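S.K.: Input final.pdb, format and content: PDB, C-alpha atoms and all ligand atoms.
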ATOM      1  CA  MET U 484     121.768  51.209  40.622
ATOM      2  CA  GLN U 485     125.333  51.311  39.376
ATOM      3  CA  GLY U 486     127.411  54.459  38.936
ATOM      4  CA  ASN U 487     127.146  54.440  35.154
ATOM      5  CA  THR U 488     123.346  54.239  35.250
ATOM      6  CA  HIS U 489     123.298  57.159  37.688
ATOM      7  CA  ILE U 490     125.612  59.210  35.471
ATOM      8  CA  VAL U 491     123.445  58.634  32.385
ATOM      9  CA  GLY U 492     120.329  59.235  34.526
ATOM     10  CA  GLY U 493     121.744  62.608  35.617
ATOM     11  CA  ILE U 494     122.610  63.507  32.014
ATOM     12  CA  THR U 495     119.116  62.550  30.778
ATOM     13  CA  ALA U 496     117.327  64.448  33.551
ATOM     14  CA  SER U 497     119.355  67.638  33.091
ATOM     15  CA  LEU U 498     119.002  67.476  29.289
ATOM     16  CA  ALA U 499     115.236  67.063  29.738
ATOM     17  CA  PHE U 500     115.200  70.149  31.956
ATOM     18  CA  ALA U 501     117.352  72.036  29.426
ATOM     19  CA  GLN U 502     114.564  71.647  26.854
ATOM     20  CA  PHE U 503     112.381  74.033  28.840
ATOM     21  CA  SER U 504     114.917  76.388  30.403
ATOM     22  CA  ASN U 505     117.315  79.056  29.219
ATOM     23  CA  ASP U 506     120.132  77.789  31.438
ATOM     24  CA  ASN U 507     123.339  76.725  29.681
ATOM     25  CA  PRO U 508     122.766  73.031  28.799
ATOM     26  CA  LEU U 509     126.446  72.096  29.145
ATOM     27  CA  VAL U 510     126.627  73.555  32.650
ATOM     28  CA  LEU U 511     123.344  71.845  33.558
ATOM     29  CA  VAL U 512     124.656  68.465  32.366
ATOM     30  CA  GLY U 513     128.032  68.833  34.110
ATOM     31  CA  ALA U 514     126.327  69.755  37.374
ATOM     32  CA  GLY U 515     123.720  67.029  36.777
ATOM     33  CA  VAL U 516     126.428  64.350  36.663
ATOM     34  CA  ILE U 517     127.972  65.604  39.923
ATOM     35  CA  GLY U 518     124.517  65.672  41.528
ATOM     36  CA  ALA U 519     123.761  62.163  40.270
ATOM     37  CA  LEU U 520     126.864  60.774  41.993
ATOM     38  CA  LEU U 521     126.525  62.765  45.228
ATOM     39  CA  PRO U 522     123.930  60.662  47.131
ATOM     40  CA  ASP U 523     126.157  57.555  47.012
ATOM     41  CA  ILE U 524     128.705  59.292  49.227
ATOM     42  CA  CYS U 525     127.043  57.018  51.834
ATOM     43  CA  HIS U 526     128.567  54.000  50.056
ATOM     44  CA  ARG U 527     132.328  53.426  50.197
ATOM     45  CA  GLY U 528     132.372  51.217  47.112
ATOM     46  CA  SER U 529     130.691  53.877  44.912
ATOM     47  CA  LYS U 530     132.560  56.127  42.470
ATOM     48  CA  ILE U 531     132.263  59.172  44.716
ATOM     49  CA  GLY U 532     132.869  57.086  47.854
ATOM     50  CA  ARG U 533     136.194  55.874  46.436
ATOM     51  CA  THR U 534     137.133  59.465  45.578
ATOM     52  CA  PHE U 535     136.363  60.744  49.083
ATOM     53  CA  PRO U 536     136.814  57.638  51.294
ATOM     54  CA  LEU U 537     136.961  59.529  54.596
ATOM     55  CA  ILE U 538     133.728  61.460  54.020
ATOM     56  CA  ALA U 539     132.112  58.232  52.781
ATOM     57  CA  LYS U 540     133.150  56.369  55.939
ATOM     58  CA  LEU U 541     131.829  59.186  58.106
ATOM     59  CA  VAL U 542     128.459  59.358  56.311
ATOM     60  CA  THR U 543     128.056  55.547  56.318
ATOM     61  CA  THR U 544     128.872  55.343  60.019
ATOM     62  CA  VAL U 545     126.520  58.160  61.012
ATOM     63  CA  PHE U 546     123.557  57.519  58.676
ATOM     64  CA  GLY U 547     123.992  54.134  56.955
ATOM     65  CA  HIS U 548     123.536  53.430  53.266
ATOM     66  CA  ARG U 549     120.680  54.991  51.270
ATOM     67  CA  SER U 550     119.215  56.908  54.165
ATOM     68  CA  PHE U 551     119.922  60.624  54.761
ATOM     69  CA  THR U 552     121.715  61.188  51.424
ATOM     70  CA  HIS U 553     118.765  59.614  49.559
ATOM     71  CA  SER U 554     116.063  61.628  51.346
ATOM     72  CA  LEU U 555     113.919  64.678  50.692
ATOM     73  CA  LEU U 556     115.521  66.234  53.765
ATOM     74  CA  PHE U 557     118.992  66.048  52.118
ATOM     75  CA  LEU U 558     117.597  67.294  48.795
ATOM     76  CA  ILE U 559     115.970  70.325  50.426
ATOM     77  CA  SER U 560     119.033  71.030  52.614
ATOM     78  CA  MET U 561     121.235  70.955  49.501
ATOM     79  CA  MET U 562     118.799  73.285  47.692
ATOM     80  CA  VAL U 563     119.114  75.852  50.480
ATOM     81  CA  LEU U 564     122.896  75.394  50.756
ATOM     82  CA  LEU U 565     123.538  75.662  47.004
ATOM     83  CA  HIS U 566     121.249  78.678  46.770
ATOM     84  CA  MET U 567     123.343  80.403  49.446
ATOM     85  CA  LEU U 568     126.794  79.328  48.224
ATOM     86  CA  ILE U 569     126.609  79.197  44.427
ATOM     87  CA  PRO U 570     125.466  82.349  42.651
ATOM     88  CA  TYR U 571     125.233  80.573  39.290
ATOM     89  CA  ARG U 572     121.711  79.132  38.869
ATOM     90  CA  ALA U 573     122.493  76.449  36.265
ATOM     91  CA  ILE U 574     125.013  74.776  38.605
ATOM     92  CA  SER U 575     122.655  74.618  41.609
ATOM     93  CA  ILE U 576     119.688  73.470  39.523
ATOM     94  CA  GLY U 577     121.801  70.880  37.677
ATOM     95  CA  ILE U 578     123.075  69.380  40.939
ATOM     96  CA  ILE U 579     119.552  69.172  42.402
ATOM     97  CA  ILE U 580     118.168  67.572  39.218
ATOM     98  CA  GLY U 581     121.018  65.044  39.211
ATOM     99  CA  MET U 582     120.371  64.192  42.864
ATOM    100  CA  ALA U 583     116.638  63.806  42.260
ATOM    101  CA  SER U 584     117.327  61.487  39.299
ATOM    102  CA  HIS U 585     119.600  59.360  41.530
ATOM    103  CA  ILE U 586     116.936  58.999  44.219
ATOM    104  CA  ILE U 587     114.251  58.119  41.639
ATOM    105  CA  LEU U 588     116.503  55.477  40.030
ATOM    106  CA  ASP U 589     117.301  53.917  43.415
ATOM    107  CA  MET U 590     113.546  53.760  44.090
ATOM    108  CA  CYS U 591     113.424  51.309  41.160
ATOM    109  CA  THR U 592     115.522  48.823  43.162
ATOM    110  CA  LYS U 593     114.209  46.257  45.646
ATOM    111  CA  LYS U 594     116.017  47.920  48.526
ATOM    112  CA  GLY U 595     114.358  51.307  47.886
ATOM    113  CA  VAL U 596     115.472  54.474  49.675
ATOM    114  CA  LYS U 597     114.727  56.108  53.037
ATOM    115  CA  LEU U 598     113.018  58.981  51.241
ATOM    116  CA  PHE U 599     111.423  60.363  54.395
ATOM    117  CA  PHE U 600     114.531  60.062  56.606
ATOM    118  CA  PRO U 601     114.638  60.300  59.675
ATOM    119  CA  ALA U 602     111.593  58.005  59.248
ATOM    120  CA  THR U 603     113.023  54.513  58.661
ATOM    121  CA  VAL U 604     110.482  53.326  56.075
ATOM    122  CA  SER U 605     111.973  52.335  52.703
ATOM    123  CA  ILE U 606     110.223  53.793  49.662
ATOM    124  CA  ARG U 607     110.317  52.064  46.272
ATOM    125  CA  PHE U 608     108.232  51.807  43.127
ATOM    126  CA  PRO U 609     105.813  48.860  42.717
ATOM    127  CA  LEU U 610     108.067  47.453  39.951
ATOM    128  CA  THR U 611     111.677  47.081  40.968
ATOM    129  CA  THR U 612     114.878  45.475  39.751
ATOM    130  CA  LYS U 613     118.196  44.398  41.240
ATOM    131  CA  THR U 614     121.330  46.551  40.980
ATOM    132  CA  GLY U 615     123.475  45.271  38.111
ATOM    133  CA  SER U 616     120.655  43.170  36.605
ATOM    134  CA  LYS U 617     119.755  42.807  32.904
ATOM    135  CA  VAL U 618     116.815  45.136  33.500
ATOM    136  CA  GLU U 619     119.240  47.805  34.709
ATOM    137  CA  GLY U 620     121.100  47.322  31.410
ATOM    138  CA  VAL U 621     117.851  47.978  29.530
ATOM    139  CA  VAL U 622     117.142  51.063  31.673
ATOM    140  CA  LEU U 623     120.662  52.319  30.907
ATOM    141  CA  MET U 624     120.100  51.805  27.187
ATOM    142  CA  LEU U 625     116.740  53.613  27.238
ATOM    143  CA  LEU U 626     118.206  56.528  29.195
ATOM    144  CA  SER U 627     121.104  56.757  26.706
ATOM    145  CA  MET U 628     118.650  56.867  23.808
ATOM    146  CA  LEU U 629     116.621  59.584  25.538
ATOM    147  CA  SER U 630     119.825  61.575  26.129
ATOM    148  CA  ILE U 631     120.707  61.398  22.441
ATOM    149  CA  TYR U 632     117.193  62.534  21.518
ATOM    150  CA  PHE U 633     117.285  65.471  23.968
ATOM    151  CA  SER U 634     120.778  66.473  22.737
ATOM    152  CA  TYR U 635     119.523  66.394  19.151
ATOM    153  CA  GLU U 636     116.593  68.670  20.081
ATOM    154  CA  LEU U 637     118.963  71.111  21.773
ATOM    155  CA  ILE U 638     121.323  71.162  18.788
ATOM    156  CA  VAL U 639     118.402  71.842  16.421
ATOM    157  CA  ARG U 640     117.253  74.670  18.697
ATOM    158  CA  PHE U 641     120.807  76.068  18.797
ATOM    159  CA  ILE U 642     121.148  75.978  14.989
ATOM    160  CA  ASP U 643     117.733  77.660  14.598
ATOM    161  CA  ALA U 644     118.906  80.466  16.879
ATOM    162  CA  ILE U 645     121.895  81.420  14.690
TER     163      ILE U 645
HETATM  164 ZN    ZN K 701     122.203  55.438  45.646
END
Do you think you could lay out the structure here as structure tokens?
M.R.:
Amino acid sequence: MQGNTHIVGGITASLAFAQFSNDNPLVLVGAGVIGALLPDICHRGSKIGRTFPLIAKLVTTVFGHRSFTHSLLFLISMMVLLHMLIPYRAISIGIIIGMASHIILDMCTKKGVKLFFPATVSIRFPLTTKTGSKVEGVVLMLLSMLSIYFSYELIVRFIDAI
């Protein structure tokens, strides 16, 4: 999936989580976007890969594309690391939600992800699409609509509280 789809995916997922939690929704969304971009550090052409080209080159050389950084192992390692390093819950949770949304979206592509890295099997959903396809455009539109709906719900809740 393309960077924009991942960004909107991260926003949608963290807004969905915000419906049920007391964490600051703005912090959740900000962290969700960062988390949604993070796994593609294994890809030099990605938004985050272009921002940190040296790290991207290192990760690509060591692990390859869509392997370690798209796995449960990475997700769990990041959970532990964030828990230790960042005392503010909404940031850690937002990043993890964003990362999870990225992995799920990439599982909708033909290539799939190495979810169980170091096992080399690629995991994908039964229905998949190609990165940059028309279907991805539709997914992006649906996610945007969901984001607007979730934001609306949060605003209503906020107004009710004052
Ligand atoms: Zn990816």
S.K.: For the structure shown, which residues end up in the PyMOL selection byres (((chain U and resi 596-601) around 10) and not hetatm)? Put them as a list in words, please?
M.R.: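 Applied to this file, the PyMOL selection byres (((chain U and resi 596-601) around 10) and not hetatm) selects Phe546, His548, Arg549, Ser550, Phe551, Thr552, His553, Ser554, Leu555, Leu556, Phe557, Leu558, Ile586, Ile587, Leu588, Asp589, Met590, Cys591, Thr592, Lys593, Lys594, Gly595, Ala602, Thr603, Val604, Ser605, Ile606 and Arg607 of chain U.
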S.K.: Please indicate the distance in Å from atom CA of Gly577 of chain U to atom CA of Phe633 of chain U, rounded to one decimal place.
M.R.: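 We find that atom CA of Gly577 of chain U and atom CA of Phe633 of chain U lie 15.4 Å from each other.
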S.K.: For a quick check of understanding, using only C-alpha atoms and all ligand atoms, which of U:Ala496, U:Leu509, U:Ala519, U:Ala501 has the smallest distance to ligand ZN 701 (chain K)?
M.R.: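 Of the candidates, the smallest distance to ligand ZN 701 (chain K) is held by U:Ala519.
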S.K.: For ligand ZN 701 (chain K), which of U:Val618, U:Leu541, U:Leu564, U:Ala583 is the closest residue, counting all atoms listed in the file?
M.R.: U:Ala583
S.K.: Here is a test: counting all atoms listed in the file, which residue of U:Val512, U:Val622, U:Ile569, U:Met484 is nearest to ligand ZN 701 (chain K)?
M.R.: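 For ligand ZN 701 (chain K), the nearest of the given residues is U:Met484.
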S.K.: For atom CA of Arg527 of chain U and atom CA of Val542 of chain U, quote the distance in Å rounded to one decimal.
M.R.: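 Result for atom CA of Arg527 of chain U versus atom CA of Val542 of chain U: 9.4 Å, one decimal.
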S.K.: So what do you get for atom CA of Leu623 of chain U versus atom CA of His489 of chain U, distance-wise?
M.R.: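 Straight-line distance from atom CA of Leu623 of chain U to atom CA of His489 of chain U works out to 8.7 Å.
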S.K.: Which residues fall under the PyMOL selection byres (((chain U and resi 627) around 12) and not hetatm) in this file, as a PyMOL selection string?
M.R.: chain U and resi 487-496+498+620-626+628-634
S.K.: Can you work out which one of U:Pro609, U:Pro570, U:Pro508, U:Pro522 has the shortest atom-to-atom distance to Gly547 of chain U, counting all atoms listed in the file?
M.R.: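 Among the listed residues, the smallest separation from Gly547 of chain U belongs to U:Pro522.
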S.K.: Mind checking which residues fall within 8 Å of Ser575 of chain U, counting only C-alpha atoms, ignoring those fewer than 6 positions away in the same chain, and posting them as a list in words?
M.R.: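 With the cut-off at 8 Å, the set is Ala514, Met562, Leu565, His566 and Ile569 of chain U.
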S.K.: Quick one: what's the axis-aligned box for segment 625-641 of chain U, all listed atoms, 4 Å on every side, centre and edges in Å to one decimal, as lines of an AutoDock Vina configuration file?
M.R.:
center_x = 119.0
center_y = 64.8
center_z = 22.8
size_x = 12.7
size_y = 30.5
size_z = 20.8
S.K.: Which residue is closest to Ile580 of chain U? Choose from U:Met561, U:Asn505, U:Phe608, U:Gly532 and count all atoms listed in the file.
M.R.: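 Of the candidates, the smallest distance to Ile580 of chain U is held by U:Met561.
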S.K.: Quick one: everything within 10 Å of Ile576 of chain U, counting all atoms listed in the file, minus sequence neighbours fewer than 2 positions away in the same chain. Send it as a list in words.
M.R.: Ser497, Phe500, Asp506, Val510, Leu511, Ala514, Gly515, Gly518, Met562, Leu565, His566, Tyr571, Arg572, Ala573, Ile574, Ile578, Ile579, Ile580, Gly581 and Met582 of chain U
S.K.: Here is a test: counting all atoms listed in the file, which residue of U:Leu520, U:Leu537, U:Gly513, U:Asn507 is nearest to ligand ZN 701 (chain K)?
M.R.: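 Checking each of U:Leu520, U:Leu537, U:Gly513, U:Asn507 against ligand ZN 701 (chain K), counting all atoms listed in the file, the winner is U:Leu520.
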S.K.: So which residues touch Lys530 of chain U within 8 Å, counting all atoms listed in the file, skipping near sequence neighbours fewer than 4 positions away, as a JSON list (two decimals) with C-alpha atoms, in the frame of the given file?
M.R.:
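Result file part_37.json:
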[["chain", "number", "residue", "atom", "x", "y", "z"],
["U", 486, "GLY", "CA", 127.41, 54.46, 38.94],
["U", 520, "LEU", "CA", 126.86, 60.77, 41.99],
["U", 523, "ASP", "CA", 126.16, 57.56, 47.01],
["U", 534, "THR", "CA", 137.13, 59.46, 45.58]]
S.K.: Complete the atoms of segment 616-645 of chain U to N, CA and C atoms and put them out as a CSV table (one decimal), keeping the file's coordinate frame.
M.R.:
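As written to disk, rebuild22.csv reads:
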chain,number,residue,atom,x,y,z
U,616,SER,N,121.4,44.2,37.3
U,616,SER,CA,120.7,43.2,36.6
U,616,SER,C,120.6,43.5,35.1
U,617,LYS,N,120.0,42.6,34.3
U,617,LYS,CA,119.8,42.8,32.9
U,617,LYS,C,118.8,44.0,32.7
U,618,VAL,N,117.8,44.0,33.6
U,618,VAL,CA,116.8,45.1,33.5
U,618,VAL,C,117.5,46.5,33.6
U,619,GLU,N,118.5,46.5,34.6
U,619,GLU,CA,119.2,47.8,34.7
U,619,GLU,C,120.0,48.1,33.4
U,620,GLY,N,120.5,47.1,32.7
U,620,GLY,CA,121.1,47.3,31.4
U,620,GLY,C,120.1,47.9,30.4
U,621,VAL,N,118.9,47.5,30.4
U,621,VAL,CA,117.9,48.0,29.5
U,621,VAL,C,117.5,49.4,29.9
U,622,VAL,N,117.4,49.7,31.2
U,622,VAL,CA,117.1,51.1,31.7
U,622,VAL,C,118.3,52.0,31.2
U,623,LEU,N,119.5,51.5,31.3
U,623,LEU,CA,120.7,52.3,30.9
U,623,LEU,C,120.6,52.6,29.4
U,624,MET,N,120.2,51.6,28.6
U,624,MET,CA,120.1,51.8,27.2
U,624,MET,C,119.0,52.8,26.8
U,625,LEU,N,117.8,52.7,27.5
U,625,LEU,CA,116.7,53.6,27.2
U,625,LEU,C,117.1,55.0,27.6
U,626,LEU,N,117.8,55.2,28.8
U,626,LEU,CA,118.2,56.5,29.2
U,626,LEU,C,119.2,57.1,28.2
U,627,SER,N,120.1,56.3,27.7
U,627,SER,CA,121.1,56.8,26.7
U,627,SER,C,120.4,57.2,25.5
U,628,MET,N,119.4,56.5,25.0
U,628,MET,CA,118.6,56.9,23.8
U,628,MET,C,117.9,58.2,24.0
U,629,LEU,N,117.3,58.3,25.2
U,629,LEU,CA,116.6,59.6,25.5
U,629,LEU,C,117.6,60.8,25.5
U,630,SER,N,118.8,60.5,26.1
U,630,SER,CA,119.8,61.6,26.1
U,630,SER,C,120.2,62.0,24.7
U,631,ILE,N,120.4,61.1,23.8
U,631,ILE,CA,120.7,61.4,22.4
U,631,ILE,C,119.6,62.2,21.8
U,632,TYR,N,118.3,61.8,22.1
U,632,TYR,CA,117.2,62.5,21.5
U,632,TYR,C,117.2,64.0,22.1
U,633,PHE,N,117.3,64.1,23.4
U,633,PHE,CA,117.3,65.5,24.0
U,633,PHE,C,118.4,66.3,23.4
U,634,SER,N,119.6,65.7,23.3
U,634,SER,CA,120.8,66.5,22.7
U,634,SER,C,120.5,66.9,21.3
U,635,TYR,N,119.9,66.1,20.5
U,635,TYR,CA,119.5,66.4,19.2
U,635,TYR,C,118.6,67.6,19.1
U,636,GLU,N,117.6,67.6,20.0
U,636,GLU,CA,116.6,68.7,20.1
U,636,GLU,C,117.3,70.0,20.4
U,637,LEU,N,118.2,69.9,21.4
U,637,LEU,CA,119.0,71.1,21.8
U,637,LEU,C,119.8,71.7,20.6
U,638,ILE,N,120.5,70.7,19.9
U,638,ILE,CA,121.3,71.2,18.8
U,638,ILE,C,120.5,71.8,17.7
U,639,VAL,N,119.3,71.3,17.4
U,639,VAL,CA,118.4,71.8,16.4
U,639,VAL,C,118.0,73.3,16.9
U,640,ARG,N,117.7,73.4,18.2
U,640,ARG,CA,117.3,74.7,18.7
U,640,ARG,C,118.4,75.7,18.6
U,641,PHE,N,119.6,75.2,18.9
U,641,PHE,CA,120.8,76.1,18.8
U,641,PHE,C,121.0,76.5,17.4
U,642,ILE,N,120.9,75.6,16.4
U,642,ILE,CA,121.1,76.0,15.0
U,642,ILE,C,120.1,77.0,14.5
U,643,ASP,N,118.8,76.8,15.0
U,643,ASP,CA,117.7,77.7,14.6
U,643,ASP,C,118.0,79.1,15.1
U,644,ALA,N,118.7,79.1,16.2
U,644,ALA,CA,118.9,80.5,16.9
U,644,ALA,C,120.0,81.3,16.2
U,645,ILE,N,120.8,80.6,15.4
U,645,ILE,CA,121.9,81.4,14.7
U,645,ILE,C,121.6,81.7,13.2
